[in-house]
Structures are given as structure tokens and as C-alpha cells.
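Enquirer: Take a look at the following structure, please.
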Amino acid sequence: MVKVCQPMPSRPNSGWKNRPETPLTAPGKKHPWGAAIDEAKIRPDLRALFLGFSSVGLSGFGGVLPFARRMLVEEKRWMTAEEFNAQLGLCQFLPGPNVVNLAVVVGKRYRGLAGAIAAPVGLLAGPFVIVLLLAMLYDRYGNLPLALSMLRGIAAVGCGLLFAMAWRMGMALKHKAVFLPFTVLTAATIAGLRWPMPAVMIAGLLLSGGVAWWKLGRK
Amino acid sequence: MSLVLELFLAFALLSFIAFGGATALLPEMHRVVVENHHWLDDATFTHLYAIAQAAPGPNVLVVTLIGWEVAGLLGALAATLAMCLPMSVVIYLLIDRWEGFAGKRWQKAISLGVAPLAVGLVFSGATLIARSAELGWAAWLLVALTVIANLRTTLHPLWFIGVGATLGLLGLV
């Protein structure tokens, strides 16, 4: 048995695998103080998490995930592109708003529970206030003919953006010949027959997931 | 208070099937909020979707608007929290284990299998908005032009919203 305190020479960093910080002996950073300063810069505090995600929440219209990537990977460099993709995996795997899930993950990674609260709250606080201000305007003026016709125009455009989004998502599917029929079935049962979504999702996941399971096994 | 609680429970339940985010959830939200509970009518639901489109922020904020219209500030907070909290807790607990099951066959099968369903849900959301907005022929033309322009160009979505609002104000759609 290997002694716990003696790291195995072949896997020197195995215990550090999940640590987000750059190791103190990062290439090009010989001096430990220099490395420590560098580390402090990329390890955001609660305020930085809150403000960073606030800027993400306020910059996007119709989906802010691309802005989250830009902030995390390119502007603040809190994560590398690979890290971002890996962490996004679970966020997209689970249901729920992906970008909120991502904020929780990033917040937890740097500041534990407090960070996991600060980041999503930062993401949502600004847009929450804006949307409520718009709602108050709507409550007061929403019955005016001008407001109604403006909303009608926006709804038509919003509807078009949804169709375009569905199209783009559909084109990005892998193995279209196999899986597009499940898209058609979902749309037919939800939009056409108005079946309840929980039932459709469970049945759909069993069928479509089953086919995926089978396909993955054949490789 | 009980209305706020009902709202919280309804959206917390929905959050567990929100594959593809709040956008994919539009048809089911419509069923729960408009058809089952009669909290809102068709027109208001469509208007709230339009307002959410015109505001910055994650798509989930349409839920905030629904909560506000149903039960005021508490309703807005309850609906938003209900949509975000359950999965946030799950992901907080699971993220450290993700590396352990990422890439396993069952995980890939679910990811691969759920994607076509999400497409169908977003498509259903689009038809639902079209139906509740009772679009005329000019509006359908605008829908078609939006789809084409959005797929062919990289124009910011805000431009489309602006054009839609202007055409609406002019009484053209």
C-alpha cells in the first residue's frame, strides 16, 4: 500500500485534480509571491461574482448563455474554455434554466455556498427589477390601443424568433434521421393534442433515450 | 398567501421537467396558468411573453412576469424562486460527482435522447404564441420574415423587437 502522505511519483497531482487554482509552480511564474498574486486575481470574491453575473444578466436579450461564456472565459478568465464546457455539461444535462445552473456551479467553485447564492442572485436581480418595472407600465397602460398594437408586433416577432430557435436546435441534432421523428411526436402531442408535458416527457425520454442507448451500444 | 404557495408549488413542479429551459416550458406554463387555474387569460399570457422578449436577462424571467400578474411582488418572487431553486440545489450537490458520470453510456443516452424532445417543445411554444396572439396575415408575414432574417443574418435580436414594436405601433400587423 502507498503511504497517504507520500504522493505516488507517477501521479504527482492526483489529489489536486479538481482544484481550480493554477498550481504555485505554474510555468513562467517561478516566484511564489508572483504566483500568489496571480491566483488572487483569478479567484473572485462574492462581490466580483455578484457583479460579474449581473453584467451577464443585463447584457443578453433572449438568452444570455453566450454572454456568460464571454465573461467567464474571455473577459475575467475565471475558467478556461475546456473547464467551461465541462461544467456546462451538467448544467445542460439537468432541467431548469441553464445559465442559472451555471451561476450556481461557478459560485460554488470559488466561494462555496455563499458564492452559489451570490452568483445566481446577481444574475437575476437586475433583470428582475427591470421586468417588474415593465410589468407596472403594462398594468397601467397595457389596455391602451397603442400599447396593445405594439405588444402585438413584438409578439409576432417573438414568435418568429422561437420558430427560428427551434429550427436551429433541430439542425444541430445528431443523427437527424433517427431522432427528428421524436421532435415531430413531441410537437404533435404537446401542440396538437395538448397532452400534459410531464407524461410526454417521461414517455419521450424512455423512447428517445432508449433508442439513443441502443445506438450508443452499437458503435 | 395560499395563492402564492400554489404558484410556488406549480412552478417548482414544472422546474423538474424544464429540459431546454423556460422557453421549452411555455406550452405547459400556458396549460397550468391559463387553462387549469384560470389565473391569466390568453391575451395577457401572450403580452407577458412579448414583454419578456423585449427585456434583458435570462429567458426564465417570463416566469417572474407571470408570478407578478397572478400575485404581485410575492408572486413574482415565489415563481422565480420555484423555477430556479430545486435544480440549483440538485446541481450544487451533484457538480462534484459530475466528472464521475459524465461520458457514461446512460448519461450520453439521456443527453442524446432529450435533445429532440426539447426541439419539439420550443416549436410547440412558438405555435402556442402564434395561436394565442391570434395573428392576422400581415403578422404571419412578419413571423416568416423574422425566421428568415434571424437564420440568415447575425443581427441582434433587439433589432427584430424594435421592428416588431414599430410595425405594431403603425398598425401594420
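Chain identifiers are assigned as A, B, and so on, following the order in which chains appear in the C-alpha cells; residues are numbered from 1 within each chain, and ligands are numbered from 1 in order of appearance.
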Determine, using only C-alpha atoms, which residues of segment 39-152 of chain B have any atom at most 8 Å from an atom of segment 41-62 of chain A, and tabulate each with its shortest atom pair and distance in Å to one decimal place, rows ordered by chain and then rising number, as a tab-separated table.
Expert:
```
residue	atom	partner	partner_atom	distance
B:Gln53	CA	A:Gly62	CA	6.2
B:Ala54	CA	A:Phe61	CA	7.4
B:Ala55	CA	A:Phe61	CA	6.6
B:Pro56	CA	A:Phe61	CA	4.7
B:Gly57	CA	A:Gly57	CA	4.7
B:Pro58	CA	A:Gly57	CA	6.4
B:Asn59	CA	A:Gly62	CA	5.9
```
Enquirer: How would the residues just picked look written out with C-alpha atoms as an mmCIF file, in the first residue's frame?
Expert:
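The resulting file, selection.cif, is shown below:
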```cif
data_model
loop_
_atom_site.group_PDB
_atom_site.id
_atom_site.type_symbol
_atom_site.label_atom_id
_atom_site.label_comp_id
_atom_site.auth_asym_id
_atom_site.auth_seq_id
_atom_site.Cartn_x
_atom_site.Cartn_y
_atom_site.Cartn_z
ATOM 1 C CA GLN B 53 -38.731 39.231 -25.074
ATOM 2 C CA ALA B 54 -38.249 42.981 -25.011
ATOM 3 C CA ALA B 55 -36.420 42.986 -21.662
ATOM 4 C CA PRO B 56 -32.804 41.988 -20.999
ATOM 5 C CA GLY B 57 -31.999 38.914 -18.953
ATOM 6 C CA PRO B 58 -32.314 35.146 -18.967
ATOM 7 C CA ASN B 59 -35.415 33.611 -20.575
#
```
Enquirer: Env of segment 160-167 of chain B: 7 Å cut, atoms = only C-alpha atoms, seq-sep filter 3 positions within chain, self excluded. Answer as a list in words.
Expert: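 My list of contacting residues is Met150, Leu151, Gly153, Ile154 and Val157 of chain A; Ala54, Pro157, Leu170, Gly171, Leu172 and Val173 of chain B.
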Enquirer: Go ahead and dump the residues you just picked, N, CA, C and O atoms, as a compact mmCIF listing (two decimals), in the first residue's frame.
Expert:
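The resulting file, result.txt, is reproduced below:
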```txt
# COMPACT_ATOMS: atom_id res chain seq x y z
N MET A 150 -48.52 47.66 -30.14
CA MET A 150 -47.07 47.46 -30.03
C MET A 150 -46.76 46.05 -29.54
O MET A 150 -45.91 45.35 -30.10
N LEU A 151 -47.49 45.61 -28.51
CA LEU A 151 -47.26 44.25 -27.98
C LEU A 151 -47.58 43.19 -29.04
O LEU A 151 -46.93 42.15 -29.09
N GLY A 153 -47.14 43.49 -32.25
CA GLY A 153 -45.98 43.43 -33.15
C GLY A 153 -44.82 42.68 -32.51
O GLY A 153 -44.17 41.84 -33.16
N ILE A 154 -44.56 42.95 -31.22
CA ILE A 154 -43.45 42.26 -30.55
C ILE A 154 -43.74 40.77 -30.43
O ILE A 154 -42.85 39.93 -30.59
N VAL A 157 -42.95 39.03 -33.68
CA VAL A 157 -41.50 38.86 -33.84
C VAL A 157 -40.98 37.80 -32.87
O VAL A 157 -40.18 36.93 -33.24
N ALA B 54 -38.77 41.63 -24.82
CA ALA B 54 -38.25 42.98 -25.01
C ALA B 54 -37.35 43.41 -23.87
O ALA B 54 -36.74 44.48 -23.94
N PRO B 157 -31.02 40.37 -31.73
CA PRO B 157 -32.47 40.18 -31.60
C PRO B 157 -33.23 41.47 -31.28
O PRO B 157 -34.41 41.61 -31.64
N LEU B 170 -47.51 51.30 -35.78
CA LEU B 170 -48.05 51.88 -37.01
C LEU B 170 -49.35 51.19 -37.43
O LEU B 170 -49.97 51.57 -38.43
N GLY B 171 -49.72 50.14 -36.69
CA GLY B 171 -50.96 49.45 -37.01
C GLY B 171 -50.84 48.55 -38.23
O GLY B 171 -51.85 48.25 -38.87
N LEU B 172 -49.64 48.12 -38.56
CA LEU B 172 -49.44 47.33 -39.78
C LEU B 172 -49.56 45.83 -39.54
O LEU B 172 -49.71 45.07 -40.48
N VAL B 173 -49.45 45.38 -38.29
CA VAL B 173 -49.60 43.94 -38.05
C VAL B 173 -50.73 43.67 -37.05
O VAL B 173 -51.10 44.54 -36.29
```
Enquirer: For each of B:Leu155, B:Ala138, B:Ala18, B:Leu85, take the minimum atom-to-atom distance to chain A, counting only C-alpha atoms, then give the residue where this is smallest.
Expert: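 Using only C-alpha atoms, chain A sits closest to B:Ala18.
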Enquirer: Would you mind telling me which residue in A:Met79, A:Ala177, A:Ala155, A:Met171 lies nearest to chain B when using only C-alpha atoms?
Expert: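 So, comparing all the options, the nearest one is A:Ala155.
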Enquirer: Show me, as an NGL selection string, the residues that have an atom within 12 Å of Leu77 of chain B when counting only C-alpha atoms, minus same-chain residues fewer than 6 positions from it.
Expert: (:A and (121 or 124-125 or 128-129 or 132)) or (:B and (4-5 or 7-8 or 11 or 61 or 63-71 or 83-85))
Enquirer: Hey, can you spit out that residue selection with N, CA and C atoms as a CSV table (one decimal), in the first residue's frame?
Expert:
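Heads up, here's the output in part.csv:
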```csv
chain,number,residue,atom,x,y,z
A,121,VAL,N,-28.0,35.1,-7.8
A,121,VAL,CA,-28.8,36.3,-7.4
A,121,VAL,C,-28.4,37.5,-8.2
A,124,LEU,N,-29.8,37.4,-11.6
A,124,LEU,CA,-31.3,37.7,-11.8
A,124,LEU,C,-31.8,39.0,-11.3
A,125,ALA,N,-31.0,39.6,-10.3
A,125,ALA,CA,-31.5,40.8,-9.6
A,125,ALA,C,-31.9,41.9,-10.5
A,128,PHE,N,-34.7,41.2,-13.0
A,128,PHE,CA,-35.9,41.0,-12.2
A,128,PHE,C,-36.5,42.4,-12.0
A,129,VAL,N,-35.7,43.4,-11.6
A,129,VAL,CA,-36.3,44.7,-11.3
A,129,VAL,C,-36.8,45.3,-12.6
A,132,LEU,N,-40.0,43.9,-13.7
A,132,LEU,CA,-41.2,44.3,-12.9
A,132,LEU,C,-41.6,45.7,-13.2
B,4,VAL,N,-50.0,32.4,-3.4
B,4,VAL,CA,-48.5,32.4,-3.6
B,4,VAL,C,-47.9,31.0,-3.5
B,5,LEU,N,-48.4,30.3,-2.5
B,5,LEU,CA,-47.9,28.9,-2.2
B,5,LEU,C,-48.3,28.0,-3.4
B,7,LEU,N,-48.8,28.9,-6.4
B,7,LEU,CA,-47.9,29.4,-7.6
B,7,LEU,C,-46.5,28.7,-7.4
B,8,PHE,N,-46.0,28.8,-6.2
B,8,PHE,CA,-44.7,28.2,-5.9
B,8,PHE,C,-44.7,26.7,-6.3
B,11,PHE,N,-44.9,26.0,-10.1
B,11,PHE,CA,-43.7,26.2,-10.9
B,11,PHE,C,-42.5,25.3,-10.4
B,61,LEU,N,-37.2,34.8,-17.0
B,61,LEU,CA,-37.9,35.9,-16.4
B,61,LEU,C,-39.4,36.0,-16.9
B,63,VAL,N,-41.3,33.8,-16.3
B,63,VAL,CA,-41.9,33.2,-15.1
B,63,VAL,C,-42.2,34.3,-14.0
B,64,THR,N,-41.2,35.2,-13.9
B,64,THR,CA,-41.3,36.3,-13.0
B,64,THR,C,-42.6,37.2,-13.3
B,65,LEU,N,-42.7,37.5,-14.6
B,65,LEU,CA,-43.9,38.3,-15.0
B,65,LEU,C,-45.2,37.6,-14.7
B,66,ILE,N,-45.2,36.3,-15.0
B,66,ILE,CA,-46.5,35.5,-14.7
B,66,ILE,C,-46.8,35.6,-13.2
B,67,GLY,N,-45.7,35.4,-12.4
B,67,GLY,CA,-45.9,35.5,-10.9
B,67,GLY,C,-46.4,36.8,-10.5
B,68,TRP,N,-45.9,37.9,-11.1
B,68,TRP,CA,-46.3,39.2,-10.8
B,68,TRP,C,-47.8,39.5,-11.1
B,69,GLU,N,-48.2,39.1,-12.3
B,69,GLU,CA,-49.6,39.3,-12.7
B,69,GLU,C,-50.5,38.5,-11.9
B,70,VAL,N,-50.1,37.3,-11.4
B,70,VAL,CA,-51.0,36.5,-10.6
B,70,VAL,C,-51.1,36.9,-9.2
B,71,ALA,N,-50.0,37.2,-8.6
B,71,ALA,CA,-50.0,37.5,-7.1
B,71,ALA,C,-49.0,38.6,-6.7
B,83,MET,N,-38.9,28.3,-9.9
B,83,MET,CA,-38.3,27.8,-11.1
B,83,MET,C,-36.8,27.5,-11.0
B,84,CYS,N,-36.1,28.3,-10.2
B,84,CYS,CA,-34.6,28.2,-10.1
B,84,CYS,C,-34.1,27.3,-9.0
B,85,LEU,N,-34.8,27.3,-7.8
B,85,LEU,CA,-34.2,26.7,-6.6
B,85,LEU,C,-34.0,25.2,-6.7
```
Enquirer: Atom CA of His38 of chain B and atom CA of Leu14 of chain B are how many Å apart?
Expert: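 A separation of 17.0 Å between them.
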Enquirer: Would you please give, as a PyMOL selection string, all residues of segment 89-163 of chain B that DSSP assigns to alpha helix (DSSP H) based on the backbone?
Expert: chain B and resi 89-94+98-101+105-133+137-152+157-163
Enquirer: Between A:Ala203, A:Ala212, A:Ala114, A:Met71, single out the one closest to chain B, counting only C-alpha atoms.
Expert: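 Among the listed residues, A:Ala212 lies closest to chain B.
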Enquirer: Excluding same-chain residues fewer than 5 positions from Asn85 of chain A, what lies within 12 Å of it counting only C-alpha atoms, as JSON, numbers by chain?
Expert: {"A": [65, 66, 68, 69, 72, 73, 79, 80, 90, 91, 92, 102], "B": [102]}
Enquirer: Output the selection as a tab-separated table (two decimals), in the first residue's frame - N, CA and C atoms for each residue.
Expert:
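Once written, part_9.tsv looks like this:
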```
chain	number	residue	atom	x	y	z
A	65	LEU	N	-26.62	32.90	-22.28
A	65	LEU	CA	-25.52	31.94	-22.15
A	65	LEU	C	-24.24	32.35	-22.88
A	66	PRO	N	-24.35	32.86	-24.13
A	66	PRO	CA	-23.13	33.30	-24.82
A	66	PRO	C	-22.40	34.40	-24.06
A	68	ALA	N	-22.44	34.76	-20.80
A	68	ALA	CA	-21.80	34.13	-19.64
A	68	ALA	C	-20.45	33.55	-20.04
A	69	ARG	N	-20.42	32.92	-21.20
A	69	ARG	CA	-19.16	32.33	-21.67
A	69	ARG	C	-18.11	33.41	-21.89
A	72	LEU	N	-16.87	34.74	-18.47
A	72	LEU	CA	-16.09	33.80	-17.66
A	72	LEU	C	-14.78	33.42	-18.30
A	73	VAL	N	-14.81	33.19	-19.62
A	73	VAL	CA	-13.63	32.64	-20.29
A	73	VAL	C	-12.75	33.74	-20.87
A	79	MET	N	-12.29	30.88	-15.89
A	79	MET	CA	-12.22	29.49	-16.33
A	79	MET	C	-11.59	29.43	-17.72
A	80	THR	N	-11.02	28.26	-18.05
A	80	THR	CA	-10.60	28.04	-19.43
A	80	THR	C	-11.81	27.56	-20.23
A	90	LEU	N	-23.11	19.46	-17.13
A	90	LEU	CA	-24.13	19.10	-16.14
A	90	LEU	C	-25.28	20.10	-16.16
A	91	CYS	N	-24.93	21.40	-16.36
A	91	CYS	CA	-25.98	22.43	-16.38
A	91	CYS	C	-26.97	22.17	-17.50
A	92	GLN	N	-26.48	21.65	-18.62
A	92	GLN	CA	-27.38	21.39	-19.74
A	92	GLN	C	-28.03	20.02	-19.62
A	102	LEU	N	-25.54	27.34	-14.21
A	102	LEU	CA	-24.11	27.64	-14.41
A	102	LEU	C	-23.61	28.62	-13.35
B	102	ALA	N	-20.05	11.83	-16.11
B	102	ALA	CA	-20.01	12.38	-17.46
B	102	ALA	C	-19.38	11.36	-18.40
```
Enquirer: Smallest atom-to-atom distance to Thr189 of chain A: which of B:Leu121, B:Ala79, B:Ile110, B:Ala133, using only C-alpha atoms?
Expert: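 Checking each of B:Leu121, B:Ala79, B:Ile110, B:Ala133 against Thr189 of chain A, counting only C-alpha atoms, the winner is B:Leu121.
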Enquirer: Could you state the separation of atom CA of Ala188 of chain A and atom CA of Gly160 of chain A in Å, given to one decimal place?
Expert: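 Atom-to-atom, atom CA of Ala188 of chain A and atom CA of Gly160 of chain A are spaced 19.0 Å apart.
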Enquirer: Have a look at atom CA of Glu134 of chain B and atom CA of Ala43 of chain B and let me know their distance in Å, one decimal.
Expert: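 Value for the atom CA of Glu134 of chain B-atom CA of Ala43 of chain B distance: 9.0 Å.
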Enquirer: Have a look at B:Val32, B:Thr153, B:Gly21, B:Leu48 and name the one nearest to chain A; count only C-alpha atoms.
Expert: B:Gly21
